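**Q** I'm passing along protein.cif; it holds mmCIF, C-alpha atoms and all ligand atoms.
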data_protein
loop_
_atom_site.label_atom_id
_atom_site.label_comp_id
_atom_site.auth_asym_id
_atom_site.auth_seq_id
_atom_site.Cartn_x
_atom_site.Cartn_y
_atom_site.Cartn_z
CA MET A 1 72.43 140.49 132.32
CA MET A 2 75.96 139.56 131.42
CA GLN A 3 78.44 142.22 130.32
CA THR A 4 79.79 141.57 126.84
CA THR A 5 81.37 144.90 125.94
CA LYS A 6 84.79 143.48 125.14
CA SER A 7 83.33 140.74 122.93
CA GLN A 8 81.24 143.37 121.13
CA ARG A 9 84.26 145.57 120.55
CA LEU A 10 86.34 142.68 119.22
CA TYR A 11 83.52 141.55 116.99
CA ALA A 12 83.14 145.03 115.49
CA GLN A 13 86.85 145.06 114.71
CA ALA A 14 86.87 141.47 113.47
CA LYS A 15 84.02 142.17 111.03
CA GLN A 16 86.23 144.74 109.31
CA LEU A 17 89.06 142.25 108.92
CA ILE A 18 87.64 138.73 108.69
CA PRO A 19 84.55 137.78 106.62
CA GLY A 20 81.63 137.90 109.03
CA GLY A 21 84.12 138.43 111.83
CA VAL A 22 84.81 134.71 112.22
CA ASN A 23 87.02 132.01 110.76
CA SER A 24 84.19 129.45 110.53
CA PRO A 25 80.58 130.48 109.87
CA VAL A 26 78.64 128.80 112.71
CA ARG A 27 80.73 130.69 115.27
CA ALA A 28 79.00 133.94 114.30
CA PHE A 29 75.85 133.02 116.32
CA GLY A 30 73.77 134.08 113.29
CA SER A 31 71.02 131.50 113.69
CA VAL A 32 70.40 132.40 117.34
CA GLY A 33 70.21 136.13 116.71
CA MET A 34 73.20 137.13 118.80
CA GLU A 35 76.75 138.33 118.47
CA PRO A 36 79.52 135.83 119.18
CA LEU A 37 81.47 135.73 122.41
CA PHE A 38 85.23 135.90 122.24
CA ILE A 39 86.79 133.26 124.44
CA ARG A 40 90.03 133.92 126.29
CA LYS A 41 90.58 130.69 128.16
CA ALA A 42 89.17 127.31 129.03
CA HIS A 43 89.91 124.71 131.67
CA GLY A 44 88.07 121.44 132.16
CA ALA A 45 84.38 121.96 131.39
CA VAL A 46 84.49 125.74 131.85
CA ILE A 47 85.21 128.41 129.25
CA GLU A 48 85.62 132.09 129.99
CA ASP A 49 84.99 134.99 127.62
CA VAL A 50 87.04 138.18 127.31
CA ASP A 51 84.61 140.00 129.61
CA GLY A 52 85.21 137.47 132.37
CA ASN A 53 81.92 135.55 132.10
CA SER A 54 82.27 131.79 132.62
CA TYR A 55 80.17 129.10 131.06
CA LEU A 56 79.81 125.33 131.20
CA ASP A 57 80.99 124.31 127.76
CA TYR A 58 78.86 121.90 125.74
CA VAL A 59 80.62 122.72 122.47
CA CYS A 60 84.08 121.44 123.39
CA SER A 61 85.55 123.03 120.24
CA TRP A 62 82.90 121.06 118.30
CA GLY A 63 84.06 117.74 119.69
CA PRO A 64 87.82 117.51 120.12
CA MET A 65 87.93 118.33 123.83
CA ILE A 66 86.36 115.09 125.05
CA LEU A 67 88.55 115.17 128.18
CA GLY A 68 87.79 118.83 128.80
CA HIS A 69 90.03 121.82 128.08
CA ALA A 70 93.72 122.28 128.87
CA VAL A 71 94.25 118.70 130.02
CA PRO A 72 97.60 119.00 131.86
CA GLN A 73 99.21 115.94 130.22
CA VAL A 74 98.26 117.13 126.71
CA VAL A 75 99.46 120.68 127.33
CA GLU A 76 102.71 119.32 128.76
CA ALA A 77 103.23 116.96 125.81
CA VAL A 78 102.78 119.84 123.35
CA ALA A 79 105.10 122.13 125.31
CA GLN A 80 107.81 119.47 125.50
CA VAL A 81 107.73 118.56 121.82
CA ALA A 82 107.59 122.21 120.72
CA GLN A 83 110.99 122.81 122.34
CA ASN A 84 112.55 120.71 119.61
CA GLY A 85 110.97 122.30 116.57
CA LEU A 86 107.44 122.72 115.32
CA SER A 87 107.56 121.03 111.95
CA PHE A 88 110.24 119.31 109.90
CA GLY A 89 108.49 118.27 106.68
CA ALA A 90 110.31 114.98 107.17
CA PRO A 91 109.24 111.78 108.89
CA ASN A 92 109.26 111.80 112.70
CA ALA A 93 108.76 109.06 115.27
CA LEU A 94 105.52 110.50 116.66
CA GLU A 95 103.78 109.90 113.33
CA VAL A 96 104.56 106.22 113.61
CA GLU A 97 103.35 106.09 117.18
CA VAL A 98 100.11 107.88 116.29
CA ALA A 99 99.54 105.51 113.38
CA GLN A 100 100.19 102.50 115.62
CA THR A 101 97.81 103.81 118.29
CA VAL A 102 95.06 104.70 115.81
CA VAL A 103 95.33 101.35 114.07
CA GLU A 104 95.13 99.48 117.37
CA MET A 105 92.18 101.50 118.64
CA THR A 106 90.11 101.43 115.45
CA GLY A 107 90.95 98.10 113.82
CA MET A 108 92.01 99.81 110.57
CA GLU A 109 95.09 98.43 108.86
CA MET A 110 96.68 101.65 107.61
CA VAL A 111 96.16 105.35 108.16
CA ARG A 112 97.30 108.62 106.58
CA MET A 113 97.37 111.81 108.66
CA VAL A 114 96.07 115.08 107.22
CA ASN A 115 95.19 118.47 108.74
CA SER A 116 91.40 118.57 108.94
CA GLY A 117 88.25 116.51 108.61
CA THR A 118 87.54 118.21 105.29
CA GLU A 119 90.86 117.03 103.93
CA ALA A 120 90.32 113.50 105.26
CA VAL A 121 86.97 113.20 103.47
CA MET A 122 88.21 114.75 100.24
CA SER A 123 91.15 112.31 100.20
CA ALA A 124 89.08 109.24 101.09
CA LEU A 125 86.69 110.03 98.24
CA ARG A 126 89.56 110.42 95.80
CA LEU A 127 90.96 107.09 96.95
CA ALA A 128 87.57 105.38 96.58
CA ARG A 129 87.27 106.72 93.04
CA GLY A 130 90.86 105.79 92.28
CA VAL A 131 90.58 102.18 93.39
CA THR A 132 87.13 101.46 91.97
CA GLY A 133 87.57 103.37 88.72
CA ARG A 134 84.07 104.74 89.27
CA ASN A 135 82.99 108.37 89.65
CA LYS A 136 79.71 108.60 91.50
CA VAL A 137 79.33 108.86 95.26
CA ILE A 138 76.27 108.73 97.47
CA LYS A 139 75.85 111.02 100.47
CA PHE A 140 72.91 111.76 102.72
CA GLU A 141 71.00 115.00 102.85
CA GLY A 142 71.87 116.81 106.09
CA CYS A 143 75.11 114.90 106.69
CA TYR A 144 78.15 117.20 106.75
CA HIS A 145 81.48 116.05 105.41
CA GLY A 146 83.49 119.25 105.40
CA HIS A 147 83.63 121.93 102.74
CA SER A 148 85.23 120.24 99.72
CA ASP A 149 83.43 120.98 96.45
CA SER A 150 81.81 117.60 95.81
CA MET A 151 80.27 117.48 99.29
CA LEU A 152 78.66 120.94 99.07
CA VAL A 153 75.51 119.73 97.43
CA LYS A 154 71.84 120.12 98.10
CA ALA A 155 69.45 117.42 97.05
CA GLY A 156 67.70 117.70 93.70
CA SER A 157 63.95 117.43 93.35
CA GLY A 158 64.08 113.63 93.46
CA ALA A 159 66.60 111.08 94.67
CA LEU A 160 67.70 110.29 91.14
CA THR A 161 68.18 113.83 89.95
CA SER A 162 71.58 115.42 90.24
CA GLY A 163 72.08 117.76 93.14
CA GLN A 164 72.82 121.45 92.95
CA PRO A 165 75.78 123.14 94.63
CA SER A 166 74.86 124.43 98.09
CA SER A 167 77.51 127.14 97.91
CA ALA A 168 78.37 129.79 95.38
CA GLY A 169 81.69 129.00 93.75
CA VAL A 170 81.07 125.28 93.44
CA PRO A 171 80.66 124.37 89.76
CA VAL A 172 77.62 122.24 88.91
CA ALA A 173 80.11 119.80 87.39
CA ALA A 174 81.78 119.35 90.80
CA VAL A 175 78.59 117.93 92.30
CA ALA A 176 77.31 116.18 89.18
CA ASP A 177 78.57 112.85 90.52
CA THR A 178 77.26 113.35 94.05
CA LEU A 179 73.92 111.61 94.55
CA THR A 180 71.84 112.37 97.60
CA ALA A 181 69.89 109.84 99.64
CA GLN A 182 67.84 110.17 102.82
CA TYR A 183 69.37 109.23 106.18
CA ASN A 184 67.63 106.24 107.83
CA ASP A 185 65.89 105.42 104.54
CA LEU A 186 67.50 102.37 102.95
CA ALA A 187 64.99 102.39 100.10
CA SER A 188 66.29 105.79 98.99
CA VAL A 189 69.80 104.33 98.81
CA GLU A 190 68.72 101.17 97.05
CA LYS A 191 66.96 103.23 94.39
CA ILE A 192 70.19 105.05 93.55
CA PHE A 193 72.23 101.86 93.41
CA ALA A 194 69.62 100.27 91.16
CA GLN A 195 69.74 103.27 88.83
CA TYR A 196 73.56 103.35 88.62
CA PRO A 197 74.60 99.75 89.41
CA GLY A 198 78.17 99.89 88.10
CA ASP A 199 78.90 103.57 88.69
CA ILE A 200 78.98 104.11 92.46
CA ALA A 201 82.51 104.36 93.86
CA ALA A 202 81.49 104.96 97.45
CA LEU A 203 78.76 105.75 99.87
CA ILE A 204 79.72 108.15 102.64
CA VAL A 205 77.76 108.47 105.86
CA GLU A 206 78.05 109.94 109.33
CA PRO A 207 77.21 106.76 111.28
CA VAL A 208 75.41 109.01 113.76
CA ALA A 209 74.14 112.05 111.92
CA ALA A 210 75.53 114.77 114.17
CA ASN A 211 75.38 117.79 111.88
CA MET A 212 71.57 117.96 111.73
CA GLY A 213 71.31 118.05 115.49
CA VAL A 214 71.82 114.45 116.57
CA VAL A 215 69.93 111.77 114.65
CA LEU A 216 70.60 108.13 115.53
CA PRO A 217 70.85 105.37 112.94
CA GLN A 218 67.79 103.16 113.21
CA ALA A 219 68.25 99.44 113.82
CA GLY A 220 69.59 97.79 110.67
CA PHE A 221 70.34 101.04 108.81
CA LEU A 222 74.15 100.88 108.93
CA GLN A 223 74.12 97.11 108.34
CA GLY A 224 71.84 97.72 105.37
CA LEU A 225 74.30 100.24 103.91
CA ARG A 226 77.09 97.68 104.36
CA SER A 227 75.10 95.04 102.43
CA LEU A 228 74.12 97.42 99.64
CA CYS A 229 77.73 98.53 99.18
CA ASP A 230 78.85 94.89 99.08
CA ARG A 231 76.14 93.96 96.60
CA TYR A 232 77.08 96.78 94.22
CA GLY A 233 80.86 96.73 94.73
CA ALA A 234 80.95 100.22 96.24
CA LEU A 235 83.13 101.24 99.18
CA LEU A 236 81.47 102.14 102.45
CA ILE A 237 83.04 105.23 104.02
CA PHE A 238 82.21 106.07 107.61
CA ASP A 239 82.83 109.72 108.32
CA GLU A 240 83.82 109.38 111.96
CA VAL A 241 85.10 112.92 112.34
CA ILE A 242 82.64 113.31 115.24
CA THR A 243 81.99 109.71 116.34
CA GLY A 244 85.62 108.54 116.12
CA PHE A 245 87.11 107.94 119.60
CA ARG A 246 83.89 109.42 121.04
CA LEU A 247 81.36 106.59 120.99
CA ALA A 248 84.06 104.04 121.84
CA PRO A 249 87.82 103.72 121.35
CA GLY A 250 86.90 102.10 118.02
CA GLY A 251 84.28 104.76 117.26
CA ALA A 252 80.97 104.02 115.57
CA GLN A 253 82.38 100.94 113.85
CA ALA A 254 82.90 99.31 117.25
CA TYR A 255 79.80 100.83 118.81
CA PHE A 256 77.41 99.60 116.12
CA GLY A 257 79.38 96.53 115.03
CA VAL A 258 79.63 97.56 111.37
CA THR A 259 82.99 97.72 109.60
CA ALA A 260 83.53 100.30 106.87
CA ASP A 261 86.08 100.05 104.05
CA LEU A 262 87.45 103.53 104.66
CA VAL A 263 87.04 105.75 107.69
CA THR A 264 87.70 109.46 108.14
CA TYR A 265 88.69 111.10 111.41
CA GLY A 266 89.18 114.62 112.69
CA LYS A 267 88.32 116.54 115.85
CA ILE A 268 89.23 114.21 118.77
CA ILE A 269 92.18 112.69 116.88
CA GLY A 270 94.05 116.00 117.13
CA GLY A 271 93.46 116.66 120.82
CA GLY A 272 92.58 120.27 119.91
CA LEU A 273 95.19 120.85 117.21
CA PRO A 274 94.35 120.68 113.48
CA VAL A 275 94.51 117.00 112.56
CA GLY A 276 92.49 114.70 110.35
CA ALA A 277 93.11 111.17 109.18
CA TYR A 278 91.75 108.60 106.81
CA GLY A 279 92.40 104.92 106.80
CA GLY A 280 91.08 101.45 106.31
CA ARG A 281 92.03 98.23 104.59
CA ARG A 282 95.65 97.78 103.58
CA ASP A 283 94.84 96.91 99.96
CA LEU A 284 92.98 100.21 99.62
CA MET A 285 95.36 102.46 101.55
CA ALA A 286 98.34 101.05 99.67
CA GLN A 287 96.92 102.79 96.59
CA VAL A 288 97.76 106.21 98.10
CA ALA A 289 100.93 107.95 96.90
CA PRO A 290 103.82 107.28 97.10
CA SER A 291 103.02 103.54 97.30
CA GLY A 292 100.07 103.93 94.92
CA LYS A 293 98.65 106.11 92.18
CA VAL A 294 96.16 108.19 94.18
CA TYR A 295 97.89 111.49 94.91
CA GLN A 296 97.54 113.17 98.28
CA ALA A 297 100.06 115.26 100.22
CA GLY A 298 100.46 117.82 103.02
CA THR A 299 103.25 120.18 104.04
CA LEU A 300 102.31 120.20 107.72
CA SER A 301 100.70 116.73 107.86
CA GLY A 302 101.99 114.72 110.81
CA ASN A 303 103.91 117.64 112.32
CA PRO A 304 105.26 116.69 115.75
CA VAL A 305 103.29 119.23 117.76
CA ALA A 306 99.91 118.15 116.38
CA MET A 307 100.90 114.50 116.68
CA ALA A 308 101.95 114.98 120.31
CA ALA A 309 98.60 116.53 121.25
CA GLY A 310 96.55 113.89 119.45
CA LEU A 311 98.66 111.03 120.67
CA CYS A 312 98.51 112.12 124.28
CA GLN A 313 94.72 112.47 124.26
CA LEU A 314 94.26 109.15 122.43
CA LYS A 315 96.50 107.37 124.93
CA LEU A 316 94.54 108.83 127.84
CA LEU A 317 91.32 107.68 126.21
CA ARG A 318 92.65 104.22 125.55
CA ALA A 319 94.15 103.78 129.03
CA GLY A 320 90.94 104.91 130.72
CA ALA A 321 88.52 103.45 128.19
CA GLU A 322 86.83 101.02 130.57
CA SER A 323 85.73 103.80 132.87
CA ILE A 324 85.65 106.84 130.56
CA TYR A 325 83.21 105.62 127.91
CA PRO A 326 80.56 104.11 130.21
CA ALA A 327 80.82 107.18 132.46
CA ILE A 328 80.29 109.87 129.80
CA GLU A 329 77.55 107.82 128.20
CA LYS A 330 75.82 107.53 131.59
CA THR A 331 76.17 111.26 132.27
CA THR A 332 74.77 112.11 128.84
CA ALA A 333 71.89 109.63 129.10
CA TYR A 334 70.98 111.11 132.50
CA LEU A 335 71.14 114.65 131.13
CA ALA A 336 68.92 113.71 128.18
CA GLN A 337 66.44 111.81 130.32
CA GLU A 338 66.10 114.69 132.78
CA MET A 339 65.76 117.23 129.97
CA ARG A 340 62.88 115.15 128.56
CA ARG A 341 61.25 114.98 131.99
CA ILE A 342 61.65 118.72 132.60
CA ALA A 343 60.26 119.59 129.15
CA SER A 344 57.32 117.28 129.66
CA ASN A 345 56.55 118.78 133.09
CA ALA A 346 56.77 122.26 131.57
CA GLY A 347 54.40 121.29 128.77
CA VAL A 348 57.04 122.04 126.13
CA ALA A 349 57.10 119.67 123.16
CA ALA A 350 60.73 118.54 122.92
CA GLN A 351 62.72 115.58 121.68
CA VAL A 352 66.10 114.94 123.22
CA ASN A 353 68.12 112.58 121.05
CA GLN A 354 71.16 110.96 122.66
CA VAL A 355 73.80 108.38 121.89
CA GLY A 356 77.09 107.98 123.73
CA SER A 357 78.30 111.44 124.74
CA LEU A 358 76.31 113.25 122.04
CA CYS A 359 72.89 114.73 122.53
CA CYS A 360 70.59 117.42 121.19
CA ALA A 361 67.21 118.98 121.96
CA PHE A 362 64.67 119.54 119.18
CA PHE A 363 61.51 121.49 119.86
CA THR A 364 58.90 119.37 118.11
CA GLU A 365 56.23 116.84 119.02
CA GLN A 366 57.47 114.19 116.62
CA PRO A 367 60.44 111.88 117.28
CA VAL A 368 63.33 113.08 115.08
CA THR A 369 64.69 110.21 112.99
CA SER A 370 65.37 111.94 109.68
CA TYR A 371 66.66 115.13 108.13
CA ALA A 372 63.07 116.13 107.30
CA GLY A 373 62.19 115.65 110.95
CA ALA A 374 65.18 117.69 112.09
CA VAL A 375 64.40 120.65 109.83
CA SER A 376 60.76 120.66 110.89
CA ALA A 377 61.73 121.44 114.50
CA ASP A 378 61.05 124.95 115.82
CA THR A 379 64.32 126.84 115.30
CA GLN A 380 62.90 130.08 116.77
CA ARG A 381 62.25 128.23 119.98
CA PHE A 382 65.72 126.70 119.80
CA ALA A 383 67.20 130.20 119.53
CA ALA A 384 65.26 131.33 122.61
CA TYR A 385 66.42 128.20 124.48
CA PHE A 386 70.01 128.91 123.44
CA ARG A 387 69.83 132.51 124.69
CA GLY A 388 68.18 131.48 127.96
CA MET A 389 70.83 128.85 128.62
CA LEU A 390 73.67 131.24 127.77
CA GLN A 391 72.32 133.86 130.19
CA ARG A 392 72.45 131.15 132.86
CA GLY A 393 76.04 130.22 132.11
CA ILE A 394 75.49 127.27 129.79
CA TYR A 395 77.32 127.49 126.46
CA LEU A 396 75.54 125.36 123.84
CA ALA A 397 76.25 125.10 120.13
CA PRO A 398 74.60 128.20 118.60
CA SER A 399 72.51 126.22 116.11
CA GLN A 400 69.70 123.70 116.14
CA PHE A 401 71.69 121.58 113.74
CA GLU A 402 74.67 120.85 115.95
CA ALA A 403 75.28 118.41 118.77
CA MET A 404 75.86 118.94 122.48
CA PHE A 405 79.28 117.45 123.24
CA ILE A 406 79.77 116.07 126.72
CA SER A 407 83.28 115.88 128.16
CA THR A 408 84.62 113.83 131.04
CA ALA A 409 85.30 117.12 132.85
CA LEU A 410 81.59 117.68 133.45
CA THR A 411 80.80 116.91 137.11
CA PRO A 412 77.42 115.81 138.51
CA GLU A 413 77.05 119.30 140.08
CA MET A 414 77.59 120.88 136.67
CA VAL A 415 74.95 118.60 135.17
CA GLU A 416 72.49 119.66 137.88
CA LYS A 417 73.32 123.33 137.22
CA THR A 418 72.59 122.69 133.53
CA LEU A 419 69.25 121.05 134.35
CA THR A 420 68.23 123.92 136.60
CA ALA A 421 69.09 126.34 133.81
CA PHE A 422 67.03 124.22 131.42
CA LYS A 423 64.03 124.27 133.76
CA ASP A 424 64.25 128.04 134.25
CA THR A 425 64.75 128.64 130.54
CA LEU A 426 61.74 126.54 129.57
CA ALA A 427 59.63 128.40 132.12
CA GLU A 428 60.39 131.57 130.12
CA LEU A 429 59.54 129.95 126.80
CA VAL A 430 55.95 128.98 127.60
C1 LIG B 1 83.56 118.69 111.44
C2 LIG B 1 83.26 117.65 110.45
C3 LIG B 1 83.96 117.55 109.23
C4 LIG B 1 84.95 118.60 108.79
O1 LIG B 1 86.06 118.64 109.63
P1 LIG B 1 86.97 119.99 109.61
O2 LIG B 1 88.11 119.62 110.51
O3 LIG B 1 86.09 121.07 110.16
O4 LIG B 1 87.38 120.22 108.23
C5 LIG B 1 83.72 116.47 108.42
N1 LIG B 1 82.83 115.53 108.76
C6 LIG B 1 82.12 115.59 109.90
C7 LIG B 1 81.17 114.51 110.24
C8 LIG B 1 82.29 116.67 110.77
O5 LIG B 1 81.55 116.76 111.87
#
Have the structure of the file written as C-alpha cells, please.

**A**
Amino acid sequence: MMQTTKSQRLYAQAKQLIPGGVNSPVRAFGSVGMEPLFIRKAHGAVIEDVDGNSYLDYVCSWGPMILGHAVPQVVEAVAQVAQNGLSFGAPNALEVEVAQTVVEMTGMEMVRMVNSGTEAVMSALRLARGVTGRNKVIKFEGCYHGHSDSMLVKAGSGALTSGQPSSAGVPVAAVADTLTAQYNDLASVEKIFAQYPGDIAALIVEPVAANMGVVLPQAGFLQGLRSLCDRYGALLIFDEVITGFRLAPGGAQAYFGVTADLVTYGKIIGGGLPVGAYGGRRDLMAQVAPSGKVYQAGTLSGNPVAMAAGLCQLKLLRAGAESIYPAIEKTTAYLAQEMRRIASNAGVAAQVNQVGSLCCAFFTEQPVTSYAGAVSADTQRFAAYFRGMLQRGIYLAPSQFEAMFISTALTPEMVEKTLTAFKDTLAELV
C-alpha cells in the first residue's frame, strides 16, 4: 500500500481554500473514488508525489508534455528568457517566431496566440460568427471545447431541439444557438444543416474525440463534415487542442488529410505553459482586431516566457518529426495491442481505442465508435482498473472519459512495466 499522508493533508487544507480542493475539476479523482495526489516533481515519463511515490505518467499534464517532463532544452529556454522580463504587454520577437513556426508546421496562413484552449475556441467561434454574419454553431455531444458559455451544452431530446446548459450559471440564451449532433453520424449533422440552411456559422469538432475516452473518426466522417460545411457555407473548425502537434506536426489536418477553415490549439503548443492559439485562412484571420472588426485581446497573450517554452518544444518536435511521430505511434499501437491481448486472455471485455499517441481502454463488449458507446462502458470497472494501476505505479487519467497520453520519454521497459501492471490489475477485477 502506498503512503499518501502528505497528499491527504494537503488535500484537506486545499478543500478549505479552493473549491473542491483543485483548480480544475477532473483533478479531484472524484469519478474513481479516491483523493487526489499532490505532485512535487516530474522528469521524463516519471512523476513523483509529495509522499515520494513515483509513477509512470500517462496524463502528461493532459497532453502538453509530449516529450516528457522537464525537457532540459525547454527548461533552459524558459530560464534564459525569464532573465529579461516575464511580460511586456508589447510585441516581442518570440511571438513572430512562434507564429512563423506554427504556420509552417500546420499549413495555416495566420495565427493569433491566446492563453488557453478555452480562449482559442471562444475566439474562433466569435470570428466564425463575425465573418459569416450567422449565429448558430454545431458541436458534437461528448466533444469538449473548453468552458466558455456557448460550449457548455447538453443535447436536447432530439437533434433539432435546442440544448440545455450543462452547467449552472450558463443562461439558456447562451446555448440557444448551439446545436448538438452525434459524433461519427453524418446524418445527424445533415439534418441540422437541412433545418437551418442559412443560419450555421460554423461546425466545431475534435477531429479525434479525445474527451469521451478516445473515439476515432470513422472513414469519411471528417471529409463528410468538410463537404457539408462547403455545401451550406459554414466554416469548419477543427479543435486541435489535443491532436495539434500530437498526431503529426500538422496535427489532425495532416494526419487525416482534411483542411479546416479555422483551427484551435492549446496544450502542446505551450510546452507546459498556458498557451492557446487559433488560426486559419488569411481572409478569415484578417477580420480579427485590430485589422478587422472581430474583437479579441489578451494582457498576457504572447508573453515571452510562454512563447519560449512553446517554441522550444515545437522546434524539437519539428526537427525530430521523422523519428518522433512514427516512434510514439508505434509504442502506443503496441501498448494498445498488448492491452487487448491481455484483456482477452483474462476474459475481461475491453476495447482499447488508439490513434497516434492517444489511447484509452473501455470496459465493454462493443466497439466504441460513438458517444453513446463511450457512456455505455462500465465506469465502475474503469475506476477499479484505475486504482489497480495506480497502486502499481501507473498514473492514468482519473476518468473513463479522458485519453492516455504517450510521451517520447516512455521507454520499452516502462511499457512492459505498464503491461505487467495491467495484467495483474485485470486478474484482480475478475
Ligand atoms: C483541453 C481542451 C480544451 C480546453 O483547453 P484549456 O486550455 O483547458 O482551456 C479545448 N478543447 C479540447 C479538445 C481540449 O482537449

**Q** One number please: CA of Met105 (chain A) to CA of Ala248 (chain A), in Å, one decimal.

**A**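 Rounded to one decimal, the two atoms are 9.1 Å apart.
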
**Q** Write as an MDAnalysis selection string the residues around ligand LIG 1 (chain B), taking 8 Å as the cut-off and counting all atoms listed in the file.

**A** chainID A and resid 62 115:121 143:147 206 209:211 239:243 264:267 274:276

**Q** Could you check the closest approach to Gly320 (chain A) for each of A:Gly347, A:Pro249, A:Gly163, A:Gly63 and tell me which residue wins, using only C-alpha atoms?

**A**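 Once distances to Gly320 (chain A) are computed over only C-alpha atoms, the minimum belongs to A:Pro249.
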
**Q** Take CA of Ile268 (chain A) and CA of Ala202 (chain A) and report the distance between them in Å, one decimal.

**A**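 CA of Ala202 (chain A) lies at a distance of 24.5 Å from CA of Ile268 (chain A).
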
**Q** Pick from A:Cys359, A:Ala234, A:Ile138, A:Ala333: nearest to Val208 (chain A), with only C-alpha atoms counted?

**A**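 Comparing A:Cys359, A:Ala234, A:Ile138, A:Ala333 against Val208 (chain A), the winner is A:Cys359.
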
**Q** So how far away is CA of Leu67 (chain A) from CA of Leu317 (chain A), in Å?

**A** 8.2 Å

**Q** Skip Thr418 (chain A) itself and residues of its chain fewer than 3 positions away, then list as a PyMOL selection string all residues within 10 Å of it, counting only C-alpha atoms.

**A** chain A and resi 56+335+339+389+392-395+412-415+421-424

**Q** Could you pull the residues within 7 Å of region 27-42 of chain A, counting only C-alpha atoms, minus those fewer than 2 positions along the same chain, as number ranges by chain?

**A** A: 7, 22, 24-25, 44, 46-50, 69-70, 383, 398-399

**Q** Have a look at A:Gln164, A:Glu104, A:Leu235, A:Phe140 and name the one nearest to Lys315 (chain A); count only C-alpha atoms.

**A**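 Smallest distance to Lys315 (chain A) is found for A:Glu104.
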
**Q** Select, counting all atoms listed in the file, all protein, DNA and RNA residues no farther than 6 Å from (98.3, 102.0, 104.3) in file coordinates, and express the selection as a list in words.

**A**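 Residues satisfying the cut-off, written out: Met110, Val111, Arg282, Met285 and Ala286 of chain A.
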
**Q** Quick one: everything within 12 Å of Tyr334 (chain A), counting all atoms listed in the file, minus sequence neighbours fewer than 6 positions away in the same chain. Send it as a ChimeraX atom specification.

**A** /A:327-328,340-341,352-359,406,412,415-416,418-419

**Q** Given only C-alpha atoms as the basis, pick out the residue of A:Ala377, A:Ala12, A:Leu247, A:Cys229 nearest to Ser407 (chain A).

**A**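 Among A:Ala377, A:Ala12, A:Leu247, A:Cys229, it is A:Leu247 that comes nearest to Ser407 (chain A).
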
**Q** Excluding Pro367 (chain A) and any residue of its chain fewer than 3 positions from it, enumerate the residues within 8 Å of it, using only C-alpha atoms, and give them as a PyMOL selection string.

**A** chain A and resi 351+364+373

**Q** Looking at A:Leu127, A:Val98, A:Val205, A:Leu17, which one is nearest to Val305 (chain A), with distances taken over only C-alpha atoms?

**A**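 So, comparing all the options, the nearest one is A:Val98.
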
**Q** Could you list, as an NGL selection string, every residue within 7 Å of Met404 (chain A), counting all atoms listed in the file and ignoring same-chain residues fewer than 4 positions away?

**A** :A and (58-59 or 358-360 or 396-397)

**Q** Box for region 226-233 of chain A: with edges along x, y and z, all listed atoms inside and 3 Å added on each side, what are the centre and edge lengths in Å to one decimal, as lines of an AutoDock Vina configuration file?

**A**
center_x = 77.5
center_y = 96.2
center_z = 99.3
size_x = 12.7
size_y = 10.6
size_z = 16.1

**Q** Every residue with an atom at most 9 Å from (105.1, 109.4, 116.7) (file coordinates; all atoms listed in the file) is what I'm after, so could you write them as a PyMOL selection string?

**A** chain A and resi 92-100+302+304+307-308+311

**Q** With C-alpha atoms kept, could you save the residues just selected as a compact mmCIF listing (two decimals), in the coordinates of the input?

**A**
# COMPACT_ATOMS: atom_id res chain seq x y z
CA ASN A 92 109.26 111.80 112.70
CA ALA A 93 108.76 109.06 115.27
CA LEU A 94 105.52 110.50 116.66
CA GLU A 95 103.78 109.90 113.33
CA VAL A 96 104.56 106.22 113.61
CA GLU A 97 103.35 106.09 117.18
CA VAL A 98 100.11 107.88 116.29
CA ALA A 99 99.54 105.51 113.38
CA GLN A 100 100.19 102.50 115.62
CA GLY A 302 101.99 114.72 110.81
CA PRO A 304 105.26 116.69 115.75
CA MET A 307 100.90 114.50 116.68
CA ALA A 308 101.95 114.98 120.31
CA LEU A 311 98.66 111.03 120.67

**Q** My list of candidates is A:Asp149, A:Ser370, A:Ala187, A:Ser166. Which is closest to Gln218 (chain A) when distances are computed with all atoms listed in the file?

**A**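 Using all atoms listed in the file, the shortest distance to Gln218 (chain A) belongs to A:Ser370.
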
**Q** Got a moment to write region 124-130 of chain A out with N, CA, C and O atoms, as a PDB file, in the first residue's frame?

**A**
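The result, written out as decode28.pdb:
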ATOM      1  N   ALA A 124     -12.367  31.676 -31.818  1.00  0.00           N
ATOM      2  CA  ALA A 124     -12.607  31.148 -33.172  1.00  0.00           C
ATOM      3  C   ALA A 124     -14.100  31.172 -33.495  1.00  0.00           C
ATOM      4  O   ALA A 124     -14.502  31.483 -34.623  1.00  0.00           O
ATOM      5  N   LEU A 125     -14.926  30.858 -32.489  1.00  0.00           N
ATOM      6  CA  LEU A 125     -16.378  30.889 -32.714  1.00  0.00           C
ATOM      7  C   LEU A 125     -16.860  32.315 -32.975  1.00  0.00           C
ATOM      8  O   LEU A 125     -17.685  32.562 -33.859  1.00  0.00           O
ATOM      9  N   ARG A 126     -16.319  33.260 -32.216  1.00  0.00           N
ATOM     10  CA  ARG A 126     -16.702  34.655 -32.432  1.00  0.00           C
ATOM     11  C   ARG A 126     -16.308  35.089 -33.847  1.00  0.00           C
ATOM     12  O   ARG A 126     -17.076  35.749 -34.545  1.00  0.00           O
ATOM     13  N   LEU A 127     -15.112  34.696 -34.259  1.00  0.00           N
ATOM     14  CA  LEU A 127     -14.650  35.048 -35.596  1.00  0.00           C
ATOM     15  C   LEU A 127     -15.563  34.430 -36.665  1.00  0.00           C
ATOM     16  O   LEU A 127     -15.955  35.106 -37.627  1.00  0.00           O
ATOM     17  N   ALA A 128     -15.907  33.163 -36.475  1.00  0.00           N
ATOM     18  CA  ALA A 128     -16.772  32.484 -37.453  1.00  0.00           C
ATOM     19  C   ALA A 128     -18.114  33.207 -37.570  1.00  0.00           C
ATOM     20  O   ALA A 128     -18.641  33.418 -38.661  1.00  0.00           O
ATOM     21  N   ARG A 129     -18.645  33.609 -36.416  1.00  0.00           N
ATOM     22  CA  ARG A 129     -19.921  34.338 -36.433  1.00  0.00           C
ATOM     23  C   ARG A 129     -19.730  35.710 -37.071  1.00  0.00           C
ATOM     24  O   ARG A 129     -20.580  36.180 -37.836  1.00  0.00           O
ATOM     25  N   GLY A 130     -18.619  36.335 -36.764  1.00  0.00           N
ATOM     26  CA  GLY A 130     -18.354  37.671 -37.292  1.00  0.00           C
ATOM     27  C   GLY A 130     -18.218  37.679 -38.806  1.00  0.00           C
ATOM     28  O   GLY A 130     -18.734  38.578 -39.473  1.00  0.00           O
TER      29      GLY A 130
END
